Amino acid sequence: MEAGVRLSTGVSKWDIREKIWDYMEANNLADFPRPVHHRIPNFKGSHQACHAVRELDMFNRTSEVKVDPDKPLEGVRLVTLQARKTLLVPTPRLRTGLFNKIVPPPGATKEILRICATSQGVKDYSVPIGLDAKVQVDLVVVGSVAVSEKGWRIGKGEGFADMEYAMMVSMGAIREDTPVVTVVHDCQVVDIAEELLDDHDLTVDYILTPTRTIKTGCKRPKPQGIIWHKISYEMLERIPILKNLRYREKQAGKDVFLKDEHPDFPNARKPEDSDENAKTGNTKLQTESTLAQVGHCHVGNDSLNTKSETHGALTTVYVGNIPPGTRVSELKSALREFHASPVRLSWQGAQCRAFLDYTDKTTAERVVSSLKGLSLRGQTLRVEMAKNQRNKGQVEINGQRNK
């Protein structure tokens, strides 16, 4: 532990964060971006610490490595690419999915690989990885604000590293013995009381600093999946992929009650409230249910829309790759679960597709984002904006006209 970071007994997680951030700022121990408060600190010497990952036997045995997008972990991302391993980077704040797979161009030079390891490179040289992708992560590398030699970890307080790990467990992307590594400055290694840890907190197996490699020998169990009763509706709305995982686990019969629904939570909402909220402003979907039939059925404006509504006022979302034999009720149930009920649904089951009409483009784009990676009967659906508005049963998707 760095002598200058002194922690008194009875401190909270936030007290520890503040002590570390204040100390690093006062002693000029960080590079850009500054100040380090509310960040995973980009500490001086991070590249030296990151390169120590090459000395770990497990790194040499890995083929797929998940590294957080934090600036001080840039060196680990570079080493992973240089070793020709598969690099997976979580999307920032999980806004658009879970992983991006970094794909350097053929014959990439050292300079291009260096760019690929940066935040800009993650944007320019990556492809999204869906929930159905066969991913098996061999090594997890996370950033930290503070960590103890016992393996107790404290992040910046937003919980994304913990959430990402829990999601990987839920999608079967990691094993129980998958090692977790963190890279920090020596001053960030401090004593942390175990009672500060919660059951959703991620622990680490190795700590890399500019001067040391610490094997924690941590035996505390890591999160075994998403703890739904600690997830709020507000978080569910902010992280679309979380909705998708919840829907899957609900279909599998698992307990997915949210914090807001839990009977011990003040003013708890009933589970059916989410369905009712999804129906608000979309009661016309109930009329549609008697009209959309398996086969090829367009629900026209005479059945769902008022006379003031026109085709031009609606924005269409295309849903393809629907498994043969799927019923329209299955799609509608999924749409309600994701708060994505349209004002009009045109079901073309025989063609394995459907068209969803929404009142405006913003709503339609939100739906496309929310339904990313959605699957029915084990098959991932193709959900995207229709390039042109539908006209007489035709729609153009990415330049291809379907009839």
# chains A, B, ... in the order shown; residues from 1 in each chain; ligands from 1

$ select_by_dssp --residues "range 106-267 of chain A" --states "strand (DSSP E or B)" --output "list in words"
Ser126, Val127, Pro128, Ile129, Leu139, Val140, Val141, Val142, Ala146, Val147, Arg153, Ile154, Val180, Val181, Thr182, Val183, Val189, Tyr206, Ile207, Leu208, Thr213, Ile214 and Lys215 of chain A

$ closest_residue --among "A:Leu374, A:Ala133, A:Ile214, A:Ala340" --to "Asn321 in chain A" --atoms "only C-alpha atoms"
A:Leu374

$ residues_around --residues "range 68-76 of chain A" --least-positions-apart "4" --cutoff "10 Å" --atoms "only C-alpha atoms" --output "VMD selection string"
chain A and resid 30 to 33 39 to 54 80 to 82 87 to 93 99 114 to 119 122 140 to 144 160 to 161 164 182 to 185

$ atom_distance --atom1 "CA of Leu98 in chain A" --atom2 "CA of Leu131 in chain A"
8.0 Å

$ atom_distance --atom1 "CA of Glu365 in chain A" --atom2 "CA of Lys254 in chain A"
29.5 Å

$ atom_distance --atom1 "CA of Gly349 in chain A" --atom2 "CA of Met385 in chain A"
18.8 Å

$ residues_around --residues "Phe59 in chain A" --least-positions-apart "4" --cutoff "10 Å" --atoms "only C-alpha atoms" --output "JSON list (two decimals) with N, CA and C atoms, in the first residue's frame"
[["chain", "number", "residue", "atom", "x", "y", "z"],
["A", 53, "VAL", "N", 0.92, -8.24, -18.23],
["A", 53, "VAL", "CA", -0.05, -9.32, -18.48],
["A", 53, "VAL", "C", 0.58, -10.43, -19.32],
["A", 54, "ARG", "N", 1.57, -10.07, -20.13],
["A", 54, "ARG", "CA", 2.23, -11.07, -20.97],
["A", 54, "ARG", "C", 3.00, -12.09, -20.15],
["A", 55, "GLU", "N", 3.33, -11.74, -18.90],
["A", 55, "GLU", "CA", 4.09, -12.64, -18.04],
["A", 55, "GLU", "C", 3.20, -13.64, -17.31],
["A", 63, "SER", "N", -7.40, -17.46, -25.73],
["A", 63, "SER", "CA", -7.66, -17.12, -27.13],
["A", 63, "SER", "C", -8.62, -15.95, -27.23],
["A", 64, "GLU", "N", -9.52, -15.77, -26.23],
["A", 64, "GLU", "CA", -10.46, -14.65, -26.22],
["A", 64, "GLU", "C", -10.32, -13.88, -24.91],
["A", 65, "VAL", "N", -10.08, -12.58, -25.03],
["A", 65, "VAL", "CA", -9.85, -11.75, -23.85],
["A", 65, "VAL", "C", -10.84, -10.59, -23.86],
["A", 80, "THR", "N", -2.99, -7.67, -26.37],
["A", 80, "THR", "CA", -3.90, -8.73, -26.81],
["A", 80, "THR", "C", -3.95, -8.79, -28.34],
["A", 83, "ALA", "N", -0.72, -10.13, -29.82],
["A", 83, "ALA", "CA", -0.60, -11.58, -29.63],
["A", 83, "ALA", "C", -1.58, -12.34, -30.52],
["A", 85, "LYS", "N", -4.79, -12.45, -30.46],
["A", 85, "LYS", "CA", -5.91, -13.04, -29.73],
["A", 85, "LYS", "C", -7.18, -12.25, -30.05],
["A", 138, "ASP", "N", -11.75, -16.26, -22.05],
["A", 138, "ASP", "CA", -10.75, -16.98, -21.24],
["A", 138, "ASP", "C", -10.13, -16.11, -20.15],
["A", 139, "LEU", "N", -10.23, -14.79, -20.32],
["A", 139, "LEU", "CA", -9.60, -13.86, -19.38],
["A", 139, "LEU", "C", -10.39, -12.56, -19.38],
["A", 179, "PRO", "N", -10.29, -16.39, -14.93],
["A", 179, "PRO", "CA", -9.57, -15.41, -14.08],
["A", 179, "PRO", "C", -9.92, -13.97, -14.42]]

$ select_by_dssp --residues "range 105-239 of chain A" --states "helix (DSSP H, G or I)" --output "JSON, numbers by chain"
{"A": [110, 111, 112, 113, 114, 115, 116, 119, 120, 121, 122, 123, 124, 160, 161, 162, 163, 164, 165, 166, 167, 168, 169, 170, 186, 187, 188, 194, 195, 196, 228, 229, 230, 233, 234, 235, 236, 237, 238]}

$ write_last_selection --atoms "N, CA and C atoms" --output "compact mmCIF listing (two decimals), in the first residue's frame"
# COMPACT_ATOMS: atom_id res chain seq x y z
N LYS A 110 1.99 -2.04 -36.82
CA LYS A 110 2.03 -1.79 -35.39
C LYS A 110 1.25 -0.53 -35.04
N GLU A 111 1.35 0.47 -35.92
CA GLU A 111 0.66 1.73 -35.66
C GLU A 111 -0.86 1.53 -35.74
N ILE A 112 -1.33 0.76 -36.71
CA ILE A 112 -2.77 0.49 -36.83
C ILE A 112 -3.26 -0.28 -35.61
N LEU A 113 -2.49 -1.27 -35.15
CA LEU A 113 -2.88 -2.02 -33.96
C LEU A 113 -2.95 -1.09 -32.75
N ARG A 114 -2.03 -0.14 -32.68
CA ARG A 114 -2.05 0.82 -31.57
C ARG A 114 -3.34 1.66 -31.62
N ILE A 115 -3.74 2.02 -32.83
CA ILE A 115 -4.99 2.78 -32.98
C ILE A 115 -6.19 1.91 -32.60
N CYS A 116 -6.16 0.65 -33.02
CA CYS A 116 -7.26 -0.27 -32.71
C CYS A 116 -7.47 -0.42 -31.20
N SER A 119 -9.85 4.13 -27.79
CA SER A 119 -11.31 4.26 -27.83
C SER A 119 -11.80 4.55 -29.24
N GLN A 120 -11.04 5.35 -29.99
CA GLN A 120 -11.43 5.62 -31.37
C GLN A 120 -11.31 4.36 -32.23
N GLY A 121 -10.27 3.57 -31.98
CA GLY A 121 -10.11 2.33 -32.72
C GLY A 121 -11.22 1.34 -32.44
N VAL A 122 -11.71 1.33 -31.20
CA VAL A 122 -12.83 0.45 -30.86
C VAL A 122 -14.05 0.82 -31.69
N LYS A 123 -14.22 2.12 -31.96
CA LYS A 123 -15.35 2.56 -32.78
C LYS A 123 -15.13 2.23 -34.25
N ASP A 124 -13.89 2.39 -34.74
CA ASP A 124 -13.63 2.28 -36.18
C ASP A 124 -13.34 0.86 -36.65
N PHE A 160 -20.85 -0.93 -13.82
CA PHE A 160 -20.86 -1.54 -15.15
C PHE A 160 -19.98 -2.78 -15.24
N ALA A 161 -18.81 -2.79 -14.60
CA ALA A 161 -17.95 -3.97 -14.65
C ALA A 161 -18.64 -5.16 -14.01
N ASP A 162 -19.32 -4.91 -12.88
CA ASP A 162 -20.07 -5.98 -12.21
C ASP A 162 -21.19 -6.48 -13.11
N MET A 163 -21.89 -5.54 -13.75
CA MET A 163 -23.01 -5.89 -14.62
C MET A 163 -22.53 -6.68 -15.84
N GLU A 164 -21.42 -6.24 -16.43
CA GLU A 164 -20.89 -6.93 -17.60
C GLU A 164 -20.53 -8.37 -17.26
N TYR A 165 -19.91 -8.57 -16.11
CA TYR A 165 -19.54 -9.92 -15.69
C TYR A 165 -20.79 -10.78 -15.51
N ALA A 166 -21.80 -10.22 -14.83
CA ALA A 166 -23.04 -10.96 -14.59
C ALA A 166 -23.72 -11.32 -15.91
N MET A 167 -23.68 -10.40 -16.88
CA MET A 167 -24.26 -10.68 -18.19
C MET A 167 -23.51 -11.81 -18.89
N MET A 168 -22.18 -11.80 -18.78
CA MET A 168 -21.40 -12.86 -19.41
C MET A 168 -21.74 -14.22 -18.81
N VAL A 169 -21.97 -14.24 -17.49
CA VAL A 169 -22.38 -15.48 -16.84
C VAL A 169 -23.72 -15.93 -17.41
N SER A 170 -24.66 -14.99 -17.52
CA SER A 170 -26.01 -15.32 -17.99
C SER A 170 -26.01 -15.86 -19.41
N ASP A 186 0.22 1.56 -7.85
CA ASP A 186 0.49 0.99 -6.53
C ASP A 186 -0.30 1.67 -5.42
N CYS A 187 -0.56 2.97 -5.57
CA CYS A 187 -1.30 3.68 -4.51
C CYS A 187 -2.76 3.27 -4.44
N GLN A 188 -3.24 2.58 -5.47
CA GLN A 188 -4.64 2.14 -5.49
C GLN A 188 -4.84 0.80 -4.79
N GLU A 194 -14.05 -6.44 4.09
CA GLU A 194 -14.91 -7.34 3.31
C GLU A 194 -16.39 -7.01 3.49
N GLU A 195 -16.74 -6.46 4.65
CA GLU A 195 -18.16 -6.14 4.87
C GLU A 195 -18.67 -5.05 3.93
N LEU A 196 -17.76 -4.35 3.24
CA LEU A 196 -18.19 -3.35 2.26
C LEU A 196 -18.68 -4.00 0.97
N TRP A 228 -31.61 -9.88 -10.38
CA TRP A 228 -32.67 -9.02 -10.91
C TRP A 228 -33.32 -8.16 -9.85
N HIS A 229 -33.43 -8.65 -8.62
CA HIS A 229 -34.12 -7.85 -7.61
C HIS A 229 -33.31 -6.64 -7.17
N LYS A 230 -32.09 -6.49 -7.73
CA LYS A 230 -31.31 -5.28 -7.48
C LYS A 230 -31.29 -4.35 -8.69
N TYR A 233 -36.25 -0.40 -12.81
CA TYR A 233 -36.82 -0.11 -14.13
C TYR A 233 -36.00 0.94 -14.85
N GLU A 234 -35.50 1.91 -14.07
CA GLU A 234 -34.72 2.99 -14.69
C GLU A 234 -33.47 2.42 -15.36
N MET A 235 -32.79 1.48 -14.69
CA MET A 235 -31.60 0.86 -15.28
C MET A 235 -31.98 0.01 -16.49
N LEU A 236 -33.10 -0.67 -16.39
CA LEU A 236 -33.57 -1.50 -17.51
C LEU A 236 -33.81 -0.65 -18.75
N GLU A 237 -34.33 0.56 -18.56
CA GLU A 237 -34.58 1.45 -19.69
C GLU A 237 -33.27 1.99 -20.27
N ARG A 238 -32.25 2.17 -19.44
CA ARG A 238 -30.98 2.73 -19.92
C ARG A 238 -30.13 1.69 -20.65

$ residues_around --residues "Asp205 in chain A" --least-positions-apart "5" --cutoff "7 Å" --atoms "only C-alpha atoms" --output "NGL selection string"
:A and (151 or 179-181 or 215-218)

$ write_last_selection --atoms "all heavy atoms" --output "PDB file, in the first residue's frame"
ATOM      1  N   GLY A 151      -8.130  -9.216  -3.087  1.00  0.00           N
ATOM      2  CA  GLY A 151      -8.961  -9.318  -4.282  1.00  0.00           C
ATOM      3  C   GLY A 151     -10.250  -8.545  -4.238  1.00  0.00           C
ATOM      4  O   GLY A 151     -11.032  -8.566  -5.190  1.00  0.00           O
ATOM      5  N   PRO A 179     -10.286 -16.387 -14.929  1.00  0.00           N
ATOM      6  CA  PRO A 179      -9.574 -15.414 -14.081  1.00  0.00           C
ATOM      7  C   PRO A 179      -9.924 -13.972 -14.421  1.00  0.00           C
ATOM      8  O   PRO A 179     -10.187 -13.633 -15.581  1.00  0.00           O
ATOM      9  CB  PRO A 179      -8.097 -15.712 -14.378  1.00  0.00           C
ATOM     10  CG  PRO A 179      -8.087 -16.384 -15.698  1.00  0.00           C
ATOM     11  CD  PRO A 179      -9.381 -17.119 -15.832  1.00  0.00           C
ATOM     12  N   VAL A 180      -9.917 -13.136 -13.393  1.00  0.00           N
ATOM     13  CA  VAL A 180     -10.186 -11.707 -13.534  1.00  0.00           C
ATOM     14  C   VAL A 180      -8.941 -10.943 -13.082  1.00  0.00           C
ATOM     15  O   VAL A 180      -8.417 -11.174 -11.995  1.00  0.00           O
ATOM     16  CB  VAL A 180     -11.403 -11.270 -12.698  1.00  0.00           C
ATOM     17  CG1 VAL A 180     -11.622  -9.761 -12.816  1.00  0.00           C
ATOM     18  CG2 VAL A 180     -12.651 -12.023 -13.140  1.00  0.00           C
ATOM     19  N   VAL A 181      -8.479 -10.034 -13.933  1.00  0.00           N
ATOM     20  CA  VAL A 181      -7.276  -9.238 -13.671  1.00  0.00           C
ATOM     21  C   VAL A 181      -7.649  -7.763 -13.623  1.00  0.00           C
ATOM     22  O   VAL A 181      -8.514  -7.314 -14.378  1.00  0.00           O
ATOM     23  CB  VAL A 181      -6.221  -9.471 -14.777  1.00  0.00           C
ATOM     24  CG1 VAL A 181      -5.006  -8.563 -14.579  1.00  0.00           C
ATOM     25  CG2 VAL A 181      -5.790 -10.934 -14.821  1.00  0.00           C
ATOM     26  N   LYS A 215      -0.914 -12.016  -6.886  1.00  0.00           N
ATOM     27  CA  LYS A 215      -1.913 -13.084  -6.988  1.00  0.00           C
ATOM     28  C   LYS A 215      -2.717 -13.064  -5.703  1.00  0.00           C
ATOM     29  O   LYS A 215      -2.183 -13.304  -4.618  1.00  0.00           O
ATOM     30  CB  LYS A 215      -1.240 -14.440  -7.187  1.00  0.00           C
ATOM     31  CG  LYS A 215      -2.235 -15.572  -7.403  1.00  0.00           C
ATOM     32  CD  LYS A 215      -1.520 -16.887  -7.694  1.00  0.00           C
ATOM     33  CE  LYS A 215      -2.532 -17.999  -7.938  1.00  0.00           C
ATOM     34  NZ  LYS A 215      -1.864 -19.296  -8.255  1.00  0.00           N
ATOM     35  N   THR A 216      -4.002 -12.767  -5.805  1.00  0.00           N
ATOM     36  CA  THR A 216      -4.796 -12.525  -4.598  1.00  0.00           C
ATOM     37  C   THR A 216      -5.206 -13.807  -3.881  1.00  0.00           C
ATOM     38  O   THR A 216      -5.421 -13.790  -2.669  1.00  0.00           O
ATOM     39  CB  THR A 216      -6.068 -11.735  -4.937  1.00  0.00           C
ATOM     40  OG1 THR A 216      -6.944 -12.552  -5.724  1.00  0.00           O
ATOM     41  CG2 THR A 216      -5.737 -10.454  -5.684  1.00  0.00           C
ATOM     42  N   GLY A 217      -5.346 -14.885  -4.605  1.00  0.00           N
ATOM     43  CA  GLY A 217      -5.837 -16.117  -3.990  1.00  0.00           C
ATOM     44  C   GLY A 217      -7.255 -15.977  -3.486  1.00  0.00           C
ATOM     45  O   GLY A 217      -7.694 -16.693  -2.583  1.00  0.00           O
ATOM     46  N   CYS A 218      -8.018 -15.070  -4.081  1.00  0.00           N
ATOM     47  CA  CYS A 218      -9.379 -14.775  -3.620  1.00  0.00           C
ATOM     48  C   CYS A 218     -10.295 -15.988  -3.795  1.00  0.00           C
ATOM     49  O   CYS A 218     -10.376 -16.573  -4.873  1.00  0.00           O
ATOM     50  CB  CYS A 218      -9.939 -13.578  -4.393  1.00  0.00           C
ATOM     51  SG  CYS A 218     -11.572 -13.070  -3.845  1.00  0.00           S
TER      52      CYS A 218
END

$ closest_residue --among "A:Arg220, A:Lys101, A:Lys259, A:His339" --to "Ala364 in chain A" --atoms "only C-alpha atoms"
A:His339
